$ cat run_25.cif   # mmCIF, C-alpha atoms
data_protein
loop_
_atom_site.label_atom_id
_atom_site.label_comp_id
_atom_site.auth_asym_id
_atom_site.auth_seq_id
_atom_site.Cartn_x
_atom_site.Cartn_y
_atom_site.Cartn_z
CA MET A 753 -32.13 -203.39 -256.45
CA ILE A 754 -34.50 -200.46 -256.70
CA GLN A 755 -35.72 -199.48 -260.11
CA CYS A 756 -36.15 -195.82 -260.91
CA LEU A 757 -39.84 -195.05 -261.36
CA HIS A 758 -39.27 -191.35 -261.82
CA GLN A 759 -39.30 -190.11 -265.42
CA THR A 760 -35.68 -189.12 -265.98
CA THR A 761 -35.64 -189.27 -269.77
CA PRO A 762 -36.62 -186.27 -271.87
CA ALA A 763 -38.58 -186.79 -275.08
CA LEU A 764 -36.49 -188.82 -277.50
CA ARG A 765 -34.50 -186.61 -279.83
CA PRO A 766 -34.13 -187.53 -283.48
CA LEU A 767 -31.70 -190.41 -284.04
CA ARG A 768 -29.11 -188.22 -285.71
CA ALA A 769 -28.12 -186.27 -282.62
CA VAL A 770 -25.02 -184.70 -284.12
CA GLU A 771 -24.30 -182.58 -281.06
CA PHE A 772 -22.80 -185.68 -279.42
CA PHE A 773 -20.19 -186.00 -282.15
CA GLN A 774 -18.32 -182.77 -281.64
CA GLY A 775 -14.59 -182.82 -281.12
CA THR A 776 -12.84 -186.11 -281.80
CA LEU A 777 -16.06 -187.88 -282.81
CA ASP A 778 -17.40 -185.34 -285.29
CA SER A 779 -17.28 -187.66 -288.33
CA THR A 780 -20.30 -189.89 -288.88
CA ASP A 781 -20.00 -190.49 -292.61
CA GLU A 782 -17.74 -193.57 -292.67
CA ILE A 783 -20.49 -195.85 -293.95
CA GLU A 784 -23.70 -195.39 -295.90
CA THR A 785 -25.49 -198.65 -295.22
CA ALA A 786 -25.11 -201.91 -293.30
CA ARG A 787 -27.09 -205.14 -293.53
CA VAL A 788 -27.53 -207.66 -290.73
CA PHE A 789 -27.11 -211.42 -291.25
CA ASP A 790 -28.17 -213.23 -288.08
CA THR A 791 -26.53 -216.56 -287.31
CA THR A 792 -27.94 -217.11 -283.80
CA LEU A 793 -29.78 -220.25 -284.93
CA ARG A 794 -26.71 -221.71 -286.61
CA ASP A 795 -23.37 -220.53 -285.19
CA GLY A 796 -25.05 -219.34 -282.00
CA GLU A 797 -26.44 -222.81 -281.40
CA GLN A 798 -22.90 -224.17 -281.68
CA SER A 799 -22.13 -222.64 -278.28
CA PRO A 800 -21.01 -225.50 -276.04
CA GLY A 801 -24.04 -226.83 -274.18
CA THR A 802 -26.63 -224.97 -276.25
CA SER A 803 -29.37 -226.72 -278.21
CA PHE A 804 -32.44 -225.00 -279.61
CA SER A 805 -35.59 -227.05 -279.99
CA TYR A 806 -37.79 -226.84 -283.07
CA ASP A 807 -40.14 -224.45 -281.23
CA ASP A 808 -37.22 -222.39 -279.94
CA LYS A 809 -35.95 -221.86 -283.46
CA ARG A 810 -39.37 -220.92 -284.79
CA GLN A 811 -39.92 -218.40 -281.98
CA ILE A 812 -36.52 -216.73 -282.34
CA ALA A 813 -36.78 -216.65 -286.13
CA SER A 814 -40.23 -215.08 -285.94
CA ILE A 815 -38.95 -212.19 -283.82
CA LEU A 816 -35.88 -211.68 -286.01
CA ASP A 817 -38.17 -211.59 -289.03
CA GLU A 818 -40.60 -209.12 -287.46
CA MET A 819 -37.73 -206.86 -286.44
CA GLY A 820 -36.57 -206.58 -290.04
CA THR A 821 -33.36 -208.64 -289.90
CA HIS A 822 -32.06 -208.90 -293.46
CA VAL A 823 -30.96 -212.56 -293.43
CA ILE A 824 -31.64 -215.38 -290.97
CA GLU A 825 -29.25 -218.33 -291.11
CA ALA A 826 -31.71 -220.92 -289.86
CA GLY A 827 -29.33 -223.84 -289.53
CA PHE A 828 -27.39 -226.67 -291.17
CA PRO A 829 -30.09 -228.66 -293.05
CA VAL A 830 -28.01 -231.80 -293.65
CA ASN A 831 -27.24 -232.13 -289.94
CA SER A 832 -30.43 -234.05 -289.02
CA ASP A 833 -34.04 -234.57 -290.02
CA ALA A 834 -35.16 -232.25 -287.21
CA GLU A 835 -32.74 -229.56 -288.34
CA PHE A 836 -33.94 -229.91 -291.93
CA GLU A 837 -37.59 -229.54 -290.89
CA ALA A 838 -36.84 -226.49 -288.75
CA VAL A 839 -34.96 -224.76 -291.56
CA ARG A 840 -37.70 -225.62 -294.06
CA ASP A 841 -40.46 -224.31 -291.80
CA ILE A 842 -38.56 -221.08 -291.04
CA ALA A 843 -37.98 -220.55 -294.76
CA SER A 844 -41.68 -220.97 -295.51
CA SER A 845 -42.99 -218.91 -292.59
CA THR A 846 -40.76 -215.81 -292.68
CA SER A 847 -40.73 -212.94 -295.12
CA THR A 848 -37.03 -212.20 -294.84
CA THR A 849 -34.25 -214.11 -296.63
CA THR A 850 -33.60 -217.49 -294.99
CA CYS A 851 -30.19 -219.10 -295.36
CA GLY A 852 -29.02 -222.69 -294.98
CA LEU A 853 -25.41 -223.72 -294.38
CA ALA A 854 -23.63 -226.33 -296.52
CA ARG A 855 -20.10 -227.65 -296.86
CA VAL A 856 -18.72 -227.97 -300.38
CA VAL A 857 -20.27 -231.43 -300.44
CA ASP A 858 -23.08 -232.52 -302.77
CA LYS A 859 -25.35 -233.94 -300.07
CA ASP A 860 -25.04 -230.76 -298.00
CA ILE A 861 -25.92 -228.54 -300.92
CA GLU A 862 -28.84 -230.73 -302.00
CA ALA A 863 -30.24 -230.74 -298.45
CA ALA A 864 -30.02 -226.94 -298.29
CA LEU A 865 -31.68 -226.57 -301.67
CA ASP A 866 -34.43 -229.05 -300.74
CA SER A 867 -35.18 -227.10 -297.55
CA GLY A 868 -36.47 -224.22 -299.63
CA VAL A 869 -34.10 -221.51 -298.40
CA GLU A 870 -33.54 -218.45 -300.57
CA MET A 871 -29.79 -218.46 -299.88
CA VAL A 872 -27.28 -221.28 -299.55
CA HIS A 873 -24.11 -220.48 -297.62
CA THR A 874 -21.36 -222.88 -298.68
CA PHE A 875 -17.90 -222.95 -297.15
CA VAL A 876 -14.51 -224.62 -297.35
CA SER A 877 -11.29 -224.25 -295.37
CA THR A 878 -8.58 -222.20 -297.06
CA SER A 879 -5.86 -221.95 -294.39
CA ASP A 880 -3.08 -224.49 -294.79
CA VAL A 881 -3.47 -225.80 -291.25
CA GLN A 882 -7.14 -226.63 -291.84
CA ILE A 883 -6.64 -227.88 -295.41
CA GLU A 884 -3.93 -230.29 -294.32
CA ASP A 885 -4.98 -231.30 -290.81
CA SER A 886 -8.77 -231.03 -290.97
CA MET A 887 -9.74 -231.61 -294.60
CA HIS A 888 -6.68 -233.72 -295.56
CA ALA A 889 -6.82 -232.12 -299.01
CA THR A 890 -4.75 -229.87 -301.26
CA ARG A 891 -5.14 -226.24 -302.29
CA SER A 892 -6.11 -227.22 -305.85
CA GLU A 893 -8.84 -229.54 -304.50
CA VAL A 894 -10.16 -226.69 -302.36
CA VAL A 895 -10.49 -224.38 -305.37
CA GLN A 896 -12.14 -227.09 -307.45
CA ARG A 897 -14.72 -227.98 -304.77
CA ALA A 898 -15.46 -224.32 -304.13
CA VAL A 899 -16.12 -223.54 -307.78
CA GLU A 900 -18.23 -226.67 -308.36
CA SER A 901 -20.36 -225.92 -305.29
CA VAL A 902 -20.98 -222.32 -306.30
CA GLU A 903 -21.94 -223.42 -309.80
CA ARG A 904 -24.37 -226.02 -308.43
CA ILE A 905 -26.10 -223.50 -306.19
CA LYS A 906 -26.38 -220.93 -308.97
CA GLU A 907 -27.79 -223.55 -311.35
CA ALA A 908 -30.60 -224.10 -308.84
CA GLY A 909 -31.53 -220.42 -309.08
CA VAL A 910 -30.93 -219.42 -305.46
CA THR A 911 -28.63 -216.83 -303.95
CA CYS A 912 -25.14 -218.16 -303.23
CA MET A 913 -22.83 -217.09 -300.42
CA PHE A 914 -19.31 -218.53 -300.35
CA SER A 915 -16.99 -218.52 -297.33
CA PRO A 916 -13.23 -219.24 -297.38
CA MET A 917 -13.15 -220.58 -293.82
CA ASP A 918 -10.28 -219.34 -291.64
CA ALA A 919 -9.68 -216.52 -294.10
CA THR A 920 -7.67 -214.46 -291.62
CA ARG A 921 -5.11 -217.27 -291.27
CA THR A 922 -5.00 -218.01 -295.00
CA ASP A 923 -2.08 -217.18 -297.26
CA GLU A 924 -3.22 -213.91 -298.82
CA GLN A 925 -2.23 -214.80 -302.37
CA PHE A 926 -4.16 -218.07 -302.16
CA LEU A 927 -7.14 -216.30 -300.60
CA VAL A 928 -7.28 -213.92 -303.57
CA GLU A 929 -7.04 -216.91 -305.94
CA VAL A 930 -10.04 -218.57 -304.30
CA ILE A 931 -12.05 -215.35 -304.24
CA GLU A 932 -11.44 -214.68 -307.91
CA ALA A 933 -12.33 -218.28 -308.82
CA VAL A 934 -15.70 -218.28 -307.01
CA SER A 935 -16.44 -214.79 -308.28
CA GLU A 936 -16.00 -216.00 -311.83
CA ALA A 937 -18.23 -218.97 -310.99
CA GLY A 938 -21.00 -216.49 -310.14
CA THR A 939 -21.28 -216.32 -306.35
CA ASP A 940 -23.52 -213.49 -305.17
CA TRP A 941 -21.84 -213.03 -301.81
CA ILE A 942 -18.37 -213.64 -300.44
CA ASN A 943 -18.20 -213.95 -296.67
CA ILE A 944 -14.82 -213.35 -295.05
CA PRO A 945 -14.75 -215.22 -291.72
CA ASP A 946 -12.32 -214.53 -288.91
CA THR A 947 -12.93 -218.11 -287.84
CA CYS A 948 -10.51 -218.19 -284.91
CA GLY A 949 -10.93 -214.57 -283.84
CA VAL A 950 -7.36 -213.44 -284.57
CA ALA A 951 -8.12 -210.28 -286.57
CA THR A 952 -7.59 -206.75 -285.34
CA PRO A 953 -9.70 -203.86 -286.65
CA GLY A 954 -6.89 -202.24 -288.63
CA ARG A 955 -5.69 -205.47 -290.25
CA PHE A 956 -9.21 -206.68 -290.94
CA ARG A 957 -10.09 -203.37 -292.58
CA LYS A 958 -7.13 -203.76 -294.96
CA LEU A 959 -8.05 -207.37 -295.72
CA ILE A 960 -11.67 -206.52 -296.57
CA ALA A 961 -10.56 -203.62 -298.76
CA LYS A 962 -8.32 -206.02 -300.71
CA VAL A 963 -11.13 -208.57 -301.05
CA CYS A 964 -13.44 -205.86 -302.41
CA ASP A 965 -10.79 -205.04 -305.02
CA HIS A 966 -10.80 -208.64 -306.29
CA THR A 967 -14.51 -209.38 -306.62
CA ASP A 968 -17.72 -207.94 -307.99
CA ALA A 969 -19.73 -209.96 -305.48
CA SER A 970 -21.15 -208.35 -302.37
CA VAL A 971 -18.90 -208.81 -299.34
CA ASP A 972 -20.03 -210.04 -295.93
CA VAL A 973 -17.97 -210.49 -292.73
CA HIS A 974 -18.12 -213.05 -289.93
CA THR A 975 -16.04 -212.26 -286.84
CA HIS A 976 -15.34 -214.16 -283.62
CA ASP A 977 -14.78 -212.78 -280.15
CA ASP A 978 -11.75 -214.69 -278.87
CA PHE A 979 -9.99 -211.42 -278.02
CA GLY A 980 -13.14 -209.34 -277.48
CA LEU A 981 -12.79 -207.69 -280.91
CA ALA A 982 -15.62 -209.30 -282.86
CA THR A 983 -17.97 -206.32 -283.06
CA ALA A 984 -15.10 -203.88 -283.63
CA ASN A 985 -13.79 -206.07 -286.45
CA ALA A 986 -17.25 -206.37 -288.00
CA LEU A 987 -17.60 -202.58 -288.01
CA ALA A 988 -14.10 -202.22 -289.47
CA GLY A 989 -15.15 -204.57 -292.26
CA ILE A 990 -18.19 -202.43 -293.02
CA GLU A 991 -16.01 -199.31 -293.06
CA ALA A 992 -13.73 -201.04 -295.57
CA GLY A 993 -16.55 -201.76 -298.02
CA ALA A 994 -18.37 -204.86 -296.80
CA SER A 995 -22.15 -204.62 -297.10
CA GLN A 996 -23.20 -206.97 -294.35
CA ALA A 997 -22.06 -208.51 -291.06
CA GLN A 998 -22.90 -211.89 -289.56
CA VAL A 999 -23.89 -211.55 -285.91
CA SER A 1000 -25.59 -213.50 -283.15
CA VAL A 1001 -27.85 -212.35 -280.33
CA ASN A 1002 -25.99 -211.90 -277.02
CA SER A 1003 -22.85 -212.76 -279.05
CA ILE A 1004 -23.34 -216.51 -278.45
CA GLY A 1005 -21.44 -218.92 -280.68
CA GLU A 1006 -18.34 -221.08 -280.95
CA ARG A 1007 -15.83 -220.59 -278.13
CA ALA A 1008 -16.11 -216.93 -277.02
CA GLY A 1009 -18.87 -216.29 -279.54
CA ASN A 1010 -19.59 -213.98 -282.46
CA ALA A 1011 -20.06 -210.28 -283.03
CA ALA A 1012 -23.16 -209.33 -281.05
CA TYR A 1013 -26.39 -208.56 -282.91
CA GLU A 1014 -27.32 -205.87 -280.39
CA GLU A 1015 -23.88 -204.24 -280.33
CA PHE A 1016 -23.51 -204.15 -284.10
CA VAL A 1017 -27.02 -202.85 -284.78
CA MET A 1018 -26.89 -200.11 -282.13
CA SER A 1019 -23.37 -199.05 -283.15
CA VAL A 1020 -24.51 -198.66 -286.74
CA GLU A 1021 -27.69 -196.86 -285.72
CA SER A 1022 -26.30 -194.62 -282.97
CA LEU A 1023 -22.58 -194.14 -283.59
CA TYR A 1024 -22.54 -194.21 -287.39
CA GLN A 1025 -26.02 -192.67 -287.60
CA VAL A 1026 -27.12 -195.13 -290.32
CA ASP A 1027 -30.64 -196.55 -290.42
CA THR A 1028 -30.51 -200.35 -290.57
CA GLY A 1029 -34.27 -200.66 -290.93
CA ILE A 1030 -34.36 -202.91 -287.87
CA ASP A 1031 -36.88 -202.35 -285.07
CA THR A 1032 -34.39 -201.77 -282.27
CA THR A 1033 -37.10 -201.43 -279.61
CA ARG A 1034 -37.41 -205.22 -279.52
CA ILE A 1035 -33.72 -205.89 -278.87
CA MET A 1036 -34.21 -206.53 -275.13
CA GLU A 1037 -37.13 -208.86 -275.81
CA LEU A 1038 -35.03 -210.79 -278.34
CA SER A 1039 -32.04 -210.93 -276.00
CA GLU A 1040 -34.07 -212.27 -273.08
CA ILE A 1041 -35.66 -215.00 -275.20
CA VAL A 1042 -32.29 -216.12 -276.58
CA GLU A 1043 -30.84 -216.06 -273.05
CA GLU A 1044 -33.65 -218.32 -271.85
CA LYS A 1045 -33.60 -220.74 -274.79
CA SER A 1046 -29.80 -220.99 -275.01
CA ALA A 1047 -29.37 -221.44 -271.25
CA MET A 1048 -26.49 -218.96 -271.49
CA GLU A 1049 -26.79 -216.22 -268.88
CA THR A 1050 -26.17 -212.69 -270.13
CA PRO A 1051 -23.51 -210.94 -268.01
CA GLY A 1052 -24.66 -207.85 -266.14
CA ASN A 1053 -22.04 -205.71 -267.86
CA LYS A 1054 -22.94 -206.91 -271.37
CA PRO A 1055 -23.21 -203.88 -273.68
CA VAL A 1056 -26.74 -202.79 -274.65
CA VAL A 1057 -28.62 -205.73 -273.07
CA GLY A 1058 -26.86 -206.40 -269.76
CA ALA A 1059 -28.67 -205.57 -266.52
CA ASN A 1060 -26.14 -202.81 -265.81
CA ALA A 1061 -26.18 -201.25 -269.28
CA PHE A 1062 -28.55 -198.48 -268.18
CA SER A 1063 -28.13 -198.76 -264.41
CA HIS A 1064 -26.55 -196.19 -262.10
CA GLU A 1065 -25.38 -196.44 -258.50
CA SER A 1066 -22.63 -193.83 -258.17
CA GLY A 1067 -23.93 -190.68 -256.51
CA ILE A 1068 -22.44 -188.38 -259.16
CA HIS A 1069 -23.85 -190.46 -262.01
CA ALA A 1070 -27.29 -190.90 -260.45
CA ALA A 1071 -27.58 -187.19 -259.71
CA GLY A 1072 -26.61 -186.43 -263.29
CA VAL A 1073 -29.13 -188.73 -264.95
CA ILE A 1074 -31.91 -187.54 -262.64
CA GLU A 1075 -31.27 -184.05 -263.99
CA ASN A 1076 -30.60 -185.13 -267.60
CA SER A 1077 -29.96 -188.72 -268.68
CA ASP A 1078 -27.51 -187.55 -271.36
CA THR A 1079 -25.00 -186.55 -268.68
CA PHE A 1080 -23.79 -190.09 -267.99
CA GLU A 1081 -25.27 -192.14 -270.83
CA PRO A 1082 -24.27 -192.13 -274.52
CA GLY A 1083 -27.09 -189.75 -275.43
CA VAL A 1084 -27.38 -191.26 -278.90
CA MET A 1085 -28.58 -194.53 -277.37
CA THR A 1086 -31.30 -194.51 -274.72
CA PRO A 1087 -32.88 -197.49 -272.93
CA GLU A 1088 -36.15 -196.80 -274.76
CA MET A 1089 -34.42 -197.30 -278.11
CA VAL A 1090 -33.67 -200.94 -277.27
CA GLY A 1091 -36.76 -201.70 -275.20
CA ALA A 1092 -34.95 -201.49 -271.85
CA LYS A 1093 -35.49 -199.41 -268.71
CA ARG A 1094 -33.17 -197.15 -266.80
CA ARG A 1095 -32.49 -198.13 -263.18
CA LEU A 1096 -31.06 -196.21 -260.26
CA VAL A 1097 -29.52 -198.81 -257.97
CA MET A 1098 -29.08 -198.43 -254.22
CA GLY A 1099 -25.72 -199.45 -252.76
CA LYS A 1100 -22.35 -198.41 -251.38
CA HIS A 1101 -21.90 -195.64 -253.95
CA THR A 1102 -25.40 -194.17 -253.75
CA GLY A 1103 -25.74 -190.42 -253.18
CA THR A 1104 -28.40 -188.23 -251.60
CA HIS A 1105 -30.02 -187.27 -254.93
CA SER A 1106 -30.87 -190.87 -255.69
CA VAL A 1107 -32.10 -191.62 -252.16
CA ARG A 1108 -34.31 -188.52 -252.15
CA GLU A 1109 -35.91 -189.54 -255.47
CA ARG A 1110 -36.54 -193.08 -254.28
CA LEU A 1111 -38.05 -191.95 -251.00
CA HIS A 1112 -40.45 -189.61 -252.79
CA GLU A 1113 -41.45 -192.46 -255.12
CA LEU A 1114 -42.23 -194.59 -252.05
CA GLY A 1115 -44.46 -191.85 -250.64
CA PHE A 1116 -42.08 -190.37 -248.05
CA ASP A 1117 -41.51 -186.66 -247.46
CA PRO A 1118 -38.01 -186.45 -245.92
CA SER A 1119 -36.13 -183.44 -244.65
CA GLU A 1120 -32.56 -182.92 -245.86
CA GLU A 1121 -31.22 -184.25 -242.56
CA GLN A 1122 -33.37 -187.37 -242.91
CA VAL A 1123 -32.19 -187.88 -246.50
CA ARG A 1124 -28.59 -187.82 -245.29
CA ALA A 1125 -29.39 -190.25 -242.49
CA VAL A 1126 -31.07 -192.74 -244.80
CA THR A 1127 -28.23 -192.37 -247.31
CA ARG A 1128 -25.71 -193.31 -244.62
CA ARG A 1129 -27.74 -196.44 -243.84
CA VAL A 1130 -27.89 -197.36 -247.53
CA LYS A 1131 -24.14 -196.91 -247.97
CA ASP A 1132 -23.30 -198.94 -244.88
CA TYR A 1133 -25.66 -201.73 -245.91
CA GLY A 1134 -24.30 -201.76 -249.45
CA ALA A 1135 -20.71 -201.80 -248.21
CA GLU A 1136 -21.43 -205.20 -246.70
CA LYS A 1137 -22.10 -206.42 -250.27
CA ARG A 1138 -25.77 -206.72 -249.55
CA ARG A 1139 -28.52 -205.83 -251.98
CA VAL A 1140 -30.62 -202.83 -250.95
CA THR A 1141 -34.25 -203.65 -251.69
CA VAL A 1142 -37.38 -201.50 -251.58
CA ASP A 1143 -38.25 -203.09 -248.23
CA ASP A 1144 -34.80 -202.18 -246.88
CA LEU A 1145 -35.19 -198.56 -247.96
CA GLU A 1146 -38.62 -198.31 -246.39
CA ARG A 1147 -37.26 -199.80 -243.16
CA PHE A 1148 -34.39 -197.29 -243.12
CA ALA A 1149 -36.85 -194.44 -243.66
CA GLU A 1150 -39.16 -195.59 -240.88
CA GLU A 1151 -36.25 -196.03 -238.46
CA ALA A 1152 -35.22 -192.45 -239.28
CA ASP A 1153 -38.80 -191.30 -238.55
CA VAL A 1154 -39.30 -190.02 -242.10
CA PRO A 1155 -42.98 -189.02 -242.43
CA ARG A 1156 -45.19 -190.15 -245.26
CA GLU A 1157 -46.39 -187.42 -247.61
CA GLN A 1158 -49.98 -188.20 -246.58
CA GLU A 1159 -49.09 -187.54 -242.94
CA HIS A 1160 -47.77 -184.09 -243.83
CA GLU A 1161 -50.91 -183.37 -245.83
CA GLU A 1162 -53.09 -184.34 -242.88
CA VAL A 1163 -51.16 -182.01 -240.58
CA ARG A 1164 -51.59 -179.12 -243.04
CA VAL A 1165 -55.35 -179.83 -243.25
#
$ encode --input "run_25.cif" --output "structure tokens"
Amino acid sequence: MIQCLHQTTPALRPLRAVEFFQGTLDSTDEIETARVFDTTLRDGEQSPGTSFSYDDKRQIASILDEMGTHVIEAGFPVNSDAEFEAVRDIASSTSTTTCGLARVVDKDIEAALDSGVEMVHTFVSTSDVQIEDSMHATRSEVVQRAVESVERIKEAGVTCMFSPMDATRTDEQFLVEVIEAVSEAGTDWINIPDTCGVATPGRFRKLIAKVCDHTDASVDVHTHDDFGLATANALAGIEAGASQAQVSVNSIGERAGNAAYEEFVMSVESLYQVDTGIDTTRIMELSEIVEEKSAMETPGNKPVVGANAFSHESGIHAAGVIENSDTFEPGVMTPEMVGAKRRLVMGKHTGTHSVRERLHELGFDPSEEQVRAVTRRVKDYGAEKRRVTVDDLERFAEEADVPREQEHEEVRV
């Protein structure tokens, strides 16, 4: 593919570009703030086939910290000695809040506390199917373990987050009972997880609003992408009153993954026009490192960080962005904002505007007839599902006898 070297982007406008929200999108006051809890190193690592080394975790955590991520869930300390050491070192080397995961089990909680994290995230199943067929316990035992675990964490003087696992498949009355019990026990945060990804934005919004009505604790959401709704559900939770969303880079995680760090952050920043405090210009760098370390390839059409996110092949689109990038891009999100680059790709759908720009960049000075001739070659070549490279374009230009700009200058001299 041929990357656009021509400057097609005007000077960045202020973030709050309200002119793009006229008509049906003229309301940008749904939320006032949104915090980011990153679980790439914990839930993200639970992607089938993914395993981060000690050095991988340190590197990813360092970038998340430097970017201003509010909480980094570094791992599950009780899982292994190596996991414990990684969590402990991340907690001691980062300036942001580091979190360790723990079941409502004494040894889990003690391991998390011993690792030196500032937050312990404890969880227990609350849906009947998981209580009966995974925990082999009763509802009353669930409430008791939840309360005792919250009390133990608070006694240690660290921030406590409690999660009723599988909340979206939990009997609502029982869910409220658990939330009220852990709230009375003193939990600082209540995380509402859509563990199996069955929520829809409207239903999840109503659920989070009800949770907020039954607790004084701050509310956090954790959504899964089984139906492709994770980021939408996370945003719905924030609209309903949650303060924070749990996300993972490139949306990696159990099964189809989690709400995507990059999608959530850029939606909050660009669509809701709310400053997260995160350095978004390092999003591409972060995404590429996680892609490499997780061995999970990022699809080309992945929002924000995919190779096609800011790429254009269609003649109409390419001509538009050459004139003004806002014509066929969101406008409120540019490639520069996330550390990416815009690309004009040569292929079956390429138009003359794009070919002319690329030829000039390569030092050619084509006539309009020659531009059309080269464009026909590009289209035919691309129609055979072949990639049009810089070498191909130069070959097409030479076969069409397109002169170099230097040659024209010499003739004029």
$ atom_distance --input "run_25.cif" --atom1 "atom CA of Thr947 of chain A" --atom2 "atom CA of Ser814 of chain A"
27.5 Å
$ atom_distance --input "run_25.cif" --atom1 "atom CA of Ile815 of chain A" --atom2 "atom CA of Glu784 of chain A"
25.7 Å
$ residues_near_point --input "run_25.cif" --point "(-25.8, -218.3, -292.4)" --cutoff "6 Å" --atoms "all atoms listed in the file" --output "PyMOL selection string"
chain A and resi 791+825+851+853+873
$ atom_distance --input "run_25.cif" --atom1 "atom CA of Glu1043 of chain A" --atom2 "atom CA of Ser805 of chain A"
13.8 Å
$ resolve_selection --input "run_25.cif" --expression "the PyMOL selection byres ((chain A and resi 831) around 12)" --output "short mmCIF file (atom, residue, chain, number, x, y, z; two decimals) with C-alpha atoms, in the frame of the given file"
data_model
loop_
_atom_site.label_atom_id
_atom_site.label_comp_id
_atom_site.auth_asym_id
_atom_site.auth_seq_id
_atom_site.Cartn_x
_atom_site.Cartn_y
_atom_site.Cartn_z
CA ARG A 794 -26.71 -221.71 -286.61
CA GLY A 827 -29.33 -223.84 -289.53
CA PHE A 828 -27.39 -226.67 -291.17
CA PRO A 829 -30.09 -228.66 -293.05
CA VAL A 830 -28.01 -231.80 -293.65
CA SER A 832 -30.43 -234.05 -289.02
CA ASP A 833 -34.04 -234.57 -290.02
CA ALA A 834 -35.16 -232.25 -287.21
CA GLU A 835 -32.74 -229.56 -288.34
CA PHE A 836 -33.94 -229.91 -291.93
CA GLU A 837 -37.59 -229.54 -290.89
CA ALA A 838 -36.84 -226.49 -288.75
CA VAL A 839 -34.96 -224.76 -291.56
CA GLY A 852 -29.02 -222.69 -294.98
CA LEU A 853 -25.41 -223.72 -294.38
CA ALA A 854 -23.63 -226.33 -296.52
CA ARG A 855 -20.10 -227.65 -296.86
CA LYS A 859 -25.35 -233.94 -300.07
CA ASP A 860 -25.04 -230.76 -298.00
CA ILE A 861 -25.92 -228.54 -300.92
CA ALA A 863 -30.24 -230.74 -298.45
CA ALA A 864 -30.02 -226.94 -298.29
#
$ residues_around --input "run_25.cif" --residues "Phe789 of chain A" --least-positions-apart "4" --cutoff "9 Å" --atoms "all atoms listed in the file" --output "list in words"
Thr821, His822, Val823, Ile824, Glu825, Asp972, Gln996, Ala997, Gln998, Val999, Ser1000 and Tyr1013 of chain A
$ resolve_selection --input "run_25.cif" --expression "the PyMOL selection byres ((chain A and resi 1056) around 10)" --output "PDB file with C-alpha atoms, in the frame of the given file"
ATOM      1  CA  ASN A1002     -25.990-211.900-277.020  1.00  0.00           C
ATOM      2  CA  ALA A1012     -23.160-209.330-281.050  1.00  0.00           C
ATOM      3  CA  GLU A1014     -27.320-205.870-280.390  1.00  0.00           C
ATOM      4  CA  GLU A1015     -23.880-204.240-280.330  1.00  0.00           C
ATOM      5  CA  MET A1018     -26.890-200.110-282.130  1.00  0.00           C
ATOM      6  CA  SER A1019     -23.370-199.050-283.150  1.00  0.00           C
ATOM      7  CA  ILE A1035     -33.720-205.890-278.870  1.00  0.00           C
ATOM      8  CA  MET A1036     -34.210-206.530-275.130  1.00  0.00           C
ATOM      9  CA  SER A1039     -32.040-210.930-276.000  1.00  0.00           C
ATOM     10  CA  ASN A1053     -22.040-205.710-267.860  1.00  0.00           C
ATOM     11  CA  LYS A1054     -22.940-206.910-271.370  1.00  0.00           C
ATOM     12  CA  PRO A1055     -23.210-203.880-273.680  1.00  0.00           C
ATOM     13  CA  VAL A1057     -28.620-205.730-273.070  1.00  0.00           C
ATOM     14  CA  GLY A1058     -26.860-206.400-269.760  1.00  0.00           C
ATOM     15  CA  ALA A1059     -28.670-205.570-266.520  1.00  0.00           C
ATOM     16  CA  ASN A1060     -26.140-202.810-265.810  1.00  0.00           C
ATOM     17  CA  ALA A1061     -26.180-201.250-269.280  1.00  0.00           C
ATOM     18  CA  PHE A1062     -28.550-198.480-268.180  1.00  0.00           C
ATOM     19  CA  MET A1085     -28.580-194.530-277.370  1.00  0.00           C
ATOM     20  CA  THR A1086     -31.300-194.510-274.720  1.00  0.00           C
ATOM     21  CA  PRO A1087     -32.880-197.490-272.930  1.00  0.00           C
ATOM     22  CA  VAL A1090     -33.670-200.940-277.270  1.00  0.00           C
ATOM     23  CA  ALA A1092     -34.950-201.490-271.850  1.00  0.00           C
TER      24      ALA A1092
END
$ residues_around --input "run_25.cif" --residues "Thr878 of chain A" --least-positions-apart "3" --cutoff "12 Å" --atoms "only C-alpha atoms" --output "PyMOL selection string"
chain A and resi 875+881-895+897-898+914-931+944-947
$ resolve_selection --input "run_25.cif" --expression "the PyMOL selection byres ((chain A and resi 954-970) around 6)" --output "NGL selection string"
:A and (935 or 940-941 or 951-953 or 971 or 988-989 or 992)
$ closest_residue --input "run_25.cif" --among "A:Ala986, A:Leu865, A:Val1107, A:Val1154" --to "Lys1131 of chain A" --atoms "all atoms listed in the file"
A:Val1107
$ closest_residue --input "run_25.cif" --among "A:Asp781, A:Asp795, A:Glu1146, A:Glu907" --to "Gly1009 of chain A" --atoms "only C-alpha atoms"
A:Asp795
$ axis_aligned_box --input "run_25.cif" --around "segment 986-991 of chain A" --padding-each-side "4 Å" --output "JSON"
{"center_x": -16.1, "center_y": -202.8, "center_z": -290.5, "size_x": 12.1, "size_y": 15.1, "size_z": 13.1}
$ closest_residue --input "run_25.cif" --among "A:Glu932, A:Glu1088, A:Glu991, A:Glu900" --to "Thr785 of chain A" --atoms "all atoms listed in the file"
A:Glu991
